[in-house]
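Colleague: Shown below is the structure under consideration.
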Amino acid sequence: MDAPVKAGQQSGRAVGLGLPHDSAHLHVTGRAAYTDDIPEPRELLHLAVGMSEKPHARIRKIDLCDVLAAPGVVDVCVAADIQGENNYGPIVKDDPVFADALVQYVGQPLFAVAAGSVDSARKAARKASIDYEELEPILDPLTAVAKGSFVLPSETLVRGNPDDARENSPHRLQRRISVGGQDQFYLEGQVAMSIPQEDGGLLVYSSTQHPDEVQTMIAHATRRSAKDIVVICRRMGGAFGGKESQAALIAIITAIAADKTGRPCKLRLDRDDDMIMTGKRHDFVIDYDVGFDDTGRIRGIQFEFASRCGMSADLSGPVNDRAMFHCDNAYFLENVRIVSHRCKTNTVSNTAFRGFGGPQGMFAIEYVIDDIARTLGKDPLEVRRRNFYGKSDRNVTHYDQPVDDNIIDDIFDRLVANSDYQERRAAIRQFNASSKVLRRGIAITPVKFGISFTNTLLNQAGALVHVYKDGTVQLSHGGTEMGQGLYVKVAQVVADELGVGMDRIRIMAADTSRVPNASATAASSGSDMNGKAAQRAAAKIRKRLTEFAARHFSVPEAAIDFHGDAVQLGDRSTSFAELVRLAWADRVSLSATGFYKTPKINYDRARFSGRPFFYFAYGAAVSEVVVDMLTGENRVLRVDILHDCGDSLNPAIDLGQIEGGYIQGVGWLTTEELWWNEAGELGTHAPSTYKIPTCSDLAPDFRVEMLSGSSNREDTIYRSKAVGEPPLMLGLSAFLAIRDAIDRGVPGGVPLQAPATPEAILRAVMRAGHE
Amino acid sequence: MGVSCVRFMLDGQLIELDHVDPSRTVLQFLREDLGRTGTKEGCAEGDCGACTVVVAELCGDELSLKAINSCIQFLPTLDGKELITVESLSPPGAELHPVQRALAENHGSQCGFCTPGFVMSLFALYKTNALPGRREIDDALAGNLCRCTGYRPIVAAARAMYEESAADDRGNWLRQACGSQQEPARRIENLRKLAREADLELEHGDRRYFAPSGIDSLAEQFARYPDATLLAGGTDIGLWVTKQHRELGTVIYTGRVAELLTVSRSPTHLDIGAAVTLSEAIPPIVEHYPGLEEIFRRFASPPIRNTGTLGGNIANGSPIGDSMAALMVVGATLLLRRGGDVRELPLDAFYHDYRVNDLAPGEFIERIRIPLVDEQAVVRSQKWSKRFDQDISAVCTAYFLELDGGKVATFRMACGGLAPIIKRATHCEAILVGEAWSEPQIERACVALQSDFTPISDARATADIRLLAVQNLLRRFYRETAGAAESTVYLYGRSG
């Protein structure tokens, strides 16, 4: 056995320590098993998916004779082979597993082929002959708006009187801006394996953020009940939202094929197929119309969002809702109207991606703030401060939730000082005055991100803790591990609850047979919810052990303390293991479940009113960039981040989330460009064409700090704060720093579209009349 | 007669494989045949690095270690070499290798899927560079994508891995299948034993694979099978198999042909064998032409450069290849061989149309001859892409400029990404030659570029901006030569 690195603290608290990821020693040795690494069962068949080549067409005929005749092929599955529902749409049932009569995007699954090897399956899948009757496709959100093509009805949220407020403002700006989508680019592609079990049972290994939903969807598709299906996920090689709803598609296909062939079936998507077939972050076109005063304070604002949802609803409803919630970011919008169009396009159905609409909403307001500053000739920092939520007034969001934990001013004050923002900004102005080709820019942006699923019912979690009679522990909860360090954080909580070292705890895979009905590990809520649930499970066992010990050793319960693998019993002590053995011998139950539901939240979706979020997580970043005005090439030179994790459960893990989130955000806004051709085909479907940041994109000067002394005001697990999504939006500072660099005093600033690729920057520079 | 058994070393054990499918990749072999699943597939096209392994070869009396992408490396090309995977670094029960420990302790893994690839790239760096600076670390990791960490802790690990090994010699550790660790001397001895003169010949169904060890044998085989696919580094051909599922039929591998693996240098020429890897071909080129440093640093990634060849880049003839524009402007020529006949052709006459070149059936590139022109000339190449590292050029340029008293004596410019082939900008050149090297003249040359190129729009860039980019790149080149030399953004404010 390998010793986990630096784990197994024998004494003291585990919570708050920067312990390594529980699998770090397995990651670095290649011994961490991902779904495709699980030893393959006998008789396993490998699947490949045949995909639509047209963005919008009626299917006249699917001829699979050549597919079936290809070497190594055992069987094929089409829509007609689905015994139950042909759907994997989680909210609206508009997502067929296999299209039959109608295809709605290039890459839509039509059939699966089962063969003896991955190679033969993939080769055979290309041999299908499909007869299409082509229909007019809608390939972008604006066309969809013009044609009234939506996956869900448009929504409008109004507060105050935005029209009068704008009209009576001293200044007014209107502009159309756009922000691109983003591929999750998890390094481990989508994969699942279904293994038939006795008496109609099915065991499914799935790389999924939501095993419960995979279980439910397979049940619906295969006419099973949930009890007959076990879904297991030990870990994912990254997910970022991309395996929240759409992992189900992959898993269902393996289940259908396993049922049809009676053999275990595995589907691992090739990278290109994965990027073509599965959804991404929504790109948005944003029309804004803002009125503001001489100080830059917004008096009235209207946003009209058109987002590319793709061919089905998927999670687009809540994603767009969150964009509406977060287009205030940290700013008080007294008079505001937000219109949100959820556009149906003949492209892949877009889905969750870290931030879940929040980033697009924040992009909108940060762009507006930047434009206001550039219109008034002010430092955008000043305009930001002018519009921040107040602490005692101007502190209610446009969805009627009071912001009662506002710390953004404090964060800004500290970060502005620590980063020498003012001095550097002045130096940059001076540098730019004498530099024609290379220009530098700087920007500071805040993040205020609401924590909780906006669908209140999802805010529940379960856990299961077993203590074995040798005093060791198995820990299960409904959360999944995708690299974010959820498992080690929850284990730290349980270790402290039982007063045992981390080496006594084995973290078990997410498994629907251990913890039922779990929500997706999403919305940054994993540690908050599963940490609390696991703590409660462990607390039940500790309570039983305490009661037993009080009885057995005749000491008052108040004198019993669990600490450092030992139990203090008044002035005596015994080992945890010994107490457990004695309790077992006394027939004490040593297994318990824990359950948690997030308190205080309630929200009326129909009116966009209430308290959707338990609390807010805050942060801010300063980015400094250099831009080549001739080539549009750019580079982040220095980054200063101050982020709020409350009382961090594990500062090392949280730091990783902040750093990684920031860079992912910068990638979204700079190099990561999704490009479709006129035939509706995605042209950027592999790392050769889709460019996520590499090592050299990390700023040479990268300074990240966690806000100290910032306990969560709400009663979260150890007063920590969620940290999965919020840091991504810190990347907005890099985009606005680029804008700052290329700005030459054009009123309202240079229009720059995101992602700010060298091409986009050149276009902006050209339009602004430079060079 | 040749031999038909592929032999290589893995964890101190000789692996001998008969009847190898020549288009089986090293990654498939590891994961599917051996169940060594530490090495991952992230993209199957050599762009993400999750599949990185290290290959050791004998280089004189030394072991030369190189990180490569196992996902597009064909198994028979391992013949005579030693394969090192993430599993080789620490056996069950043993301590972690310093590279592994540094990554783990610096929180360099989150989801962990890219981690084995990073371990192997860092292992190669660890073995070949005693104290890398940030740029060298970036360069060593340019072929490895991490989506979780943002790289800061990985860079920290790359620095810490040397400290980790200061105390003991775990850094020299390599797994031996049966027990104790391998001695370097033993590994060298093992590889010596594997060296052989005979050609390797494999047959697997309809697939044939020849790996001749001499040039005459290569010429003879290719003349006999003119439809054969000539395989060098396989960094593109690998994708024909993994992505396009093409049947390669007969493959002739150039990587064992001794005569193609040499680099020679005369006072006037650098002479590079067609099978010399980019990693070996680049340093002597850049040494003479420092203005080509950036283009070659940004040429793919170390694992690709470690297998990809200069000859392969030229023969493959992608309009977005990164070496050819530079080689064209310095006047490189190709020695082409067919059977016993050899001819010499200027590189700028080699390409006719998209993926159509001057090679006759059975003819192949034997050597690339690069003139080492006098140091007064300014030679520079630029790459314009979305990302600095491991990206494909949207536009690539190269210039050769000689001034005579403020006037342009010689000017050559070649571009990639703007036409179906990489080609000279002849209109632009004509405007500049004989005229003053001045801003107004450059502006005229920029107009002329519109006559040279009619670019297309694709995922990498839009036509109009491609044209603007090449014009601005020329402007930038002018500014650099005219003394207004700004650093590029990539070098700006960076040291080490």
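Labeling convention for the structure tokens: chains A, B, ... as they appear, residues from 1 per chain, ligands from 1 in order of appearance.
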Please, which residues of segment 73-147 of chain B, numbered as in this document, come out strand (DSSP E or B) from DSSP, as a PyMOL selection string?
Modeller: chain B and resi 74+82-84
Colleague: Would you mind listing, for every residue of segment 285-354 of chain B within 9 Å of segment 53-75 of chain B, the two atoms forming the shortest contact and the distance between them in Å to one decimal, using only C-alpha atoms, sorted by chain and ascending residue number, as CSV?
Modeller:
```
residue,atom,partner,partner_atom,distance
B:Pro302,CA,B:Ala67,CA,7.1
B:Pro303,CA,B:Ile68,CA,4.1
B:Ile304,CA,B:Ile68,CA,6.6
B:Arg305,CA,B:Ile68,CA,8.5
B:Asn306,CA,B:Lys66,CA,6.4
B:Thr307,CA,B:Ile68,CA,6.8
```
Colleague: Filtering to C-alpha atoms, could you give me those residues as a PDB file, in the first residue's frame?
Modeller:
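Final output, saved to out-v7.pdb:
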```pdb
ATOM      1  CA  PRO B 302       8.586  18.688 -27.122  1.00  0.00           C
ATOM      2  CA  PRO B 303       6.914  15.272 -27.515  1.00  0.00           C
ATOM      3  CA  ILE B 304       6.024  16.117 -31.100  1.00  0.00           C
ATOM      4  CA  ARG B 305       9.446  17.574 -31.848  1.00  0.00           C
ATOM      5  CA  ASN B 306      11.024  14.480 -30.306  1.00  0.00           C
ATOM      6  CA  THR B 307       9.465  12.247 -32.928  1.00  0.00           C
TER       7      THR B 307
END
```
Colleague: Residues of chain B within 6 Å of chain A, counting only C-alpha atoms - could you list those as a list in words?
Modeller: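 Written out as asked, the residues are Thr37, Gly38, Gly42, Cys43, Asp47, Gly93, Gln100, Ala104, Gln110, Cys111, Gly112, Phe113, Thr115, Pro116, Asp138, Leu145, Cys148, Thr149, Gly150, Tyr151, Lys386, Ala459 and Asn472 of chain B.
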Colleague: Could you find all residues in segment 348-514 of chain A that DSSP calls helix (DSSP H, G or I) from the backbone, and write them as a VMD selection string?
Modeller: chain A and resid 358 to 376 380 to 387 408 to 418 421 to 434 456 to 458 486 to 498 502 to 504
Colleague: Restricting the output to C-alpha atoms, write the selected residues as a PDB file, in the first residue's frame.
Modeller:
```
ATOM      1  CA  GLY A 358     -23.252  33.534 -13.922  1.00  0.00           C
ATOM      2  CA  PRO A 359     -20.129  34.319 -15.946  1.00  0.00           C
ATOM      3  CA  GLN A 360     -22.162  35.580 -18.891  1.00  0.00           C
ATOM      4  CA  GLY A 361     -24.304  37.750 -16.630  1.00  0.00           C
ATOM      5  CA  MET A 362     -21.234  39.204 -14.948  1.00  0.00           C
ATOM      6  CA  PHE A 363     -19.557  39.722 -18.299  1.00  0.00           C
ATOM      7  CA  ALA A 364     -22.506  41.889 -19.287  1.00  0.00           C
ATOM      8  CA  ILE A 365     -22.466  44.178 -16.269  1.00  0.00           C
ATOM      9  CA  GLU A 366     -18.681  44.426 -16.094  1.00  0.00           C
ATOM     10  CA  TYR A 367     -18.608  45.449 -19.733  1.00  0.00           C
ATOM     11  CA  VAL A 368     -21.233  48.107 -19.021  1.00  0.00           C
ATOM     12  CA  ILE A 369     -19.282  49.447 -16.053  1.00  0.00           C
ATOM     13  CA  ASP A 370     -16.166  49.580 -18.207  1.00  0.00           C
ATOM     14  CA  ASP A 371     -18.051  51.461 -20.912  1.00  0.00           C
ATOM     15  CA  ILE A 372     -19.420  53.940 -18.401  1.00  0.00           C
ATOM     16  CA  ALA A 373     -15.938  54.626 -17.067  1.00  0.00           C
ATOM     17  CA  ARG A 374     -14.553  55.044 -20.563  1.00  0.00           C
ATOM     18  CA  THR A 375     -17.372  57.409 -21.428  1.00  0.00           C
ATOM     19  CA  LEU A 376     -16.769  59.558 -18.384  1.00  0.00           C
ATOM     20  CA  PRO A 380     -13.316  51.873 -13.943  1.00  0.00           C
ATOM     21  CA  LEU A 381     -12.368  51.123 -10.339  1.00  0.00           C
ATOM     22  CA  GLU A 382     -14.074  54.324  -9.290  1.00  0.00           C
ATOM     23  CA  VAL A 383     -17.246  53.481 -11.206  1.00  0.00           C
ATOM     24  CA  ARG A 384     -17.267  50.003  -9.702  1.00  0.00           C
ATOM     25  CA  ARG A 385     -17.062  51.382  -6.192  1.00  0.00           C
ATOM     26  CA  ARG A 386     -19.742  53.907  -6.989  1.00  0.00           C
ATOM     27  CA  ASN A 387     -22.145  51.111  -7.893  1.00  0.00           C
ATOM     28  CA  ILE A 408     -16.820  43.518  -1.454  1.00  0.00           C
ATOM     29  CA  ASP A 409     -15.630  46.972  -0.334  1.00  0.00           C
ATOM     30  CA  ASP A 410     -13.255  45.428   2.161  1.00  0.00           C
ATOM     31  CA  ILE A 411     -11.927  43.043  -0.467  1.00  0.00           C
ATOM     32  CA  PHE A 412     -11.426  45.869  -2.933  1.00  0.00           C
ATOM     33  CA  ASP A 413      -9.710  48.093  -0.381  1.00  0.00           C
ATOM     34  CA  ARG A 414      -7.294  45.372   0.560  1.00  0.00           C
ATOM     35  CA  LEU A 415      -6.621  44.250  -2.983  1.00  0.00           C
ATOM     36  CA  VAL A 416      -6.157  47.747  -4.378  1.00  0.00           C
ATOM     37  CA  ALA A 417      -3.577  48.384  -1.689  1.00  0.00           C
ATOM     38  CA  ASN A 418      -1.831  45.016  -1.873  1.00  0.00           C
ATOM     39  CA  TYR A 421      -3.154  49.105  -8.379  1.00  0.00           C
ATOM     40  CA  GLN A 422      -3.011  52.905  -8.485  1.00  0.00           C
ATOM     41  CA  GLU A 423       0.753  53.145  -8.865  1.00  0.00           C
ATOM     42  CA  ARG A 424       0.794  50.501 -11.551  1.00  0.00           C
ATOM     43  CA  ARG A 425      -2.086  52.080 -13.397  1.00  0.00           C
ATOM     44  CA  ALA A 426      -0.207  55.373 -13.502  1.00  0.00           C
ATOM     45  CA  ALA A 427       2.967  53.648 -14.647  1.00  0.00           C
ATOM     46  CA  ILE A 428       1.048  51.876 -17.376  1.00  0.00           C
ATOM     47  CA  ARG A 429      -0.442  55.144 -18.609  1.00  0.00           C
ATOM     48  CA  GLN A 430       3.062  56.524 -18.805  1.00  0.00           C
ATOM     49  CA  PHE A 431       4.404  53.465 -20.595  1.00  0.00           C
ATOM     50  CA  ASN A 432       1.608  53.519 -23.148  1.00  0.00           C
ATOM     51  CA  ALA A 433       2.185  57.176 -23.910  1.00  0.00           C
ATOM     52  CA  SER A 434       5.531  56.299 -25.412  1.00  0.00           C
ATOM     53  CA  THR A 456     -34.584  24.800  -4.089  1.00  0.00           C
ATOM     54  CA  LEU A 457     -35.435  21.109  -3.997  1.00  0.00           C
ATOM     55  CA  LEU A 458     -31.978  20.166  -5.207  1.00  0.00           C
ATOM     56  CA  LEU A 486     -14.534  17.357  -2.322  1.00  0.00           C
ATOM     57  CA  TYR A 487     -13.637  13.923  -0.986  1.00  0.00           C
ATOM     58  CA  VAL A 488     -10.710  15.003   1.110  1.00  0.00           C
ATOM     59  CA  LYS A 489     -12.601  17.986   2.469  1.00  0.00           C
ATOM     60  CA  VAL A 490     -15.554  15.879   3.596  1.00  0.00           C
ATOM     61  CA  ALA A 491     -13.184  13.294   5.042  1.00  0.00           C
ATOM     62  CA  GLN A 492     -11.520  16.055   7.065  1.00  0.00           C
ATOM     63  CA  VAL A 493     -14.916  16.945   8.505  1.00  0.00           C
ATOM     64  CA  VAL A 494     -15.637  13.339   9.448  1.00  0.00           C
ATOM     65  CA  ALA A 495     -12.161  12.851  10.901  1.00  0.00           C
ATOM     66  CA  ASP A 496     -12.729  15.747  13.263  1.00  0.00           C
ATOM     67  CA  GLU A 497     -16.236  14.682  14.133  1.00  0.00           C
ATOM     68  CA  LEU A 498     -14.940  11.267  15.231  1.00  0.00           C
ATOM     69  CA  MET A 502      -7.383  10.770   8.215  1.00  0.00           C
ATOM     70  CA  ASP A 503      -5.654   7.416   7.774  1.00  0.00           C
ATOM     71  CA  ARG A 504      -8.550   5.715   9.553  1.00  0.00           C
TER      72      ARG A 504
END
```
Colleague: Excluding same-chain residues fewer than 6 positions from Ile407 of chain A, what lies within 9 Å of it counting only C-alpha atoms, as a list in words?
Modeller: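 Skipping anything fewer than 6 positions along the chain leaves Lys391, Tyr618, Gly619 and Ser710 of chain A.
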Colleague: Considering only C-alpha atoms, return as a list in words whatever protein or nucleic-acid residues lie within 10 Å of Arg224 of chain A, sequence-local ones (same chain, fewer than 5 positions apart) excluded.
Modeller: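 Contacts, with the query itself left out: Gln83, Gly84, Gly200, Gly201, Leu202, Gln215, Thr216, Met217, Ile218, Ala219 and Ile229 of chain A.
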Colleague: Fewer than 5 positions away in the same chain doesn't count, so skip those; otherwise give me all residues within 7 Å of segment 278-295 of chain B, counting only C-alpha atoms, as a PyMOL selection string.
Modeller: chain B and resi 272+305-306+308-310+379-383
Colleague: Generate a file of the selected residues that holds C-alpha atoms, formatted as a short mmCIF file (atom, residue, chain, number, x, y, z; two decimals), in the first residue's frame.
Modeller:
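So again_9.cif came out as:
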```cif
data_model
loop_
_atom_site.label_atom_id
_atom_site.label_comp_id
_atom_site.auth_asym_id
_atom_site.auth_seq_id
_atom_site.Cartn_x
_atom_site.Cartn_y
_atom_site.Cartn_z
CA ILE B 272 20.11 17.45 -42.34
CA ARG B 305 9.45 17.57 -31.85
CA ASN B 306 11.02 14.48 -30.31
CA GLY B 308 8.46 14.54 -35.77
CA THR B 309 11.13 15.12 -38.37
CA LEU B 310 12.13 18.07 -40.48
CA VAL B 379 16.52 36.19 -41.07
CA ARG B 380 13.34 36.07 -39.06
CA SER B 381 10.21 34.01 -38.88
CA GLN B 382 6.96 34.87 -37.13
CA LYS B 383 4.00 32.79 -36.06
#
```
Colleague: Would you mind telling me which residue in A:Gly479, A:Pro726, A:Pro747, A:Pro264 lies nearest to Ile451 of chain A when using only C-alpha atoms?
Modeller: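 Looking at the shortest contact to Ile451 of chain A, the residue is A:Pro726.
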Colleague: Tell me, in Å to one decimal, how far atom CA of Ile738 of chain A is from atom CA of Val639 of chain A.
Modeller: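 Atom-to-atom, atom CA of Ile738 of chain A to atom CA of Val639 of chain A, that is 13.2 Å.
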Colleague: Pick the closest to Thr716 of chain A from A:Asp287, A:Asp63, A:Asp528, A:Asp199: which is it, counting only C-alpha atoms?
Modeller: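 The answer is A:Asp528, which sits nearest to Thr716 of chain A.
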Colleague: I'd like the neighbourhood of segment 139-141 of chain B as a tab-separated table (two decimals) with C-alpha atoms, in the first residue's frame, where a residue qualifies if any of its atoms comes within 8 Å (using only C-alpha atoms), though same-chain residues fewer than 3 positions away should be ignored.
Modeller:
```
chain	number	residue	atom	x	y	z
A	695	CYS	CA	1.69	26.39	-18.92
A	696	SER	CA	3.25	29.40	-20.62
B	118	PHE	CA	2.97	15.67	-16.67
B	121	SER	CA	7.33	15.25	-19.26
B	122	LEU	CA	8.77	16.42	-15.95
B	125	LEU	CA	13.09	17.43	-17.96
B	135	ARG	CA	10.76	29.43	-19.79
B	136	GLU	CA	12.43	26.05	-19.97
B	144	ASN	CA	0.74	18.84	-21.66
B	297	ARG	CA	10.42	27.12	-29.94
B	301	SER	CA	5.58	20.64	-28.39
B	302	PRO	CA	8.59	18.69	-27.12
B	389	ASP	CA	2.51	27.24	-27.31
```
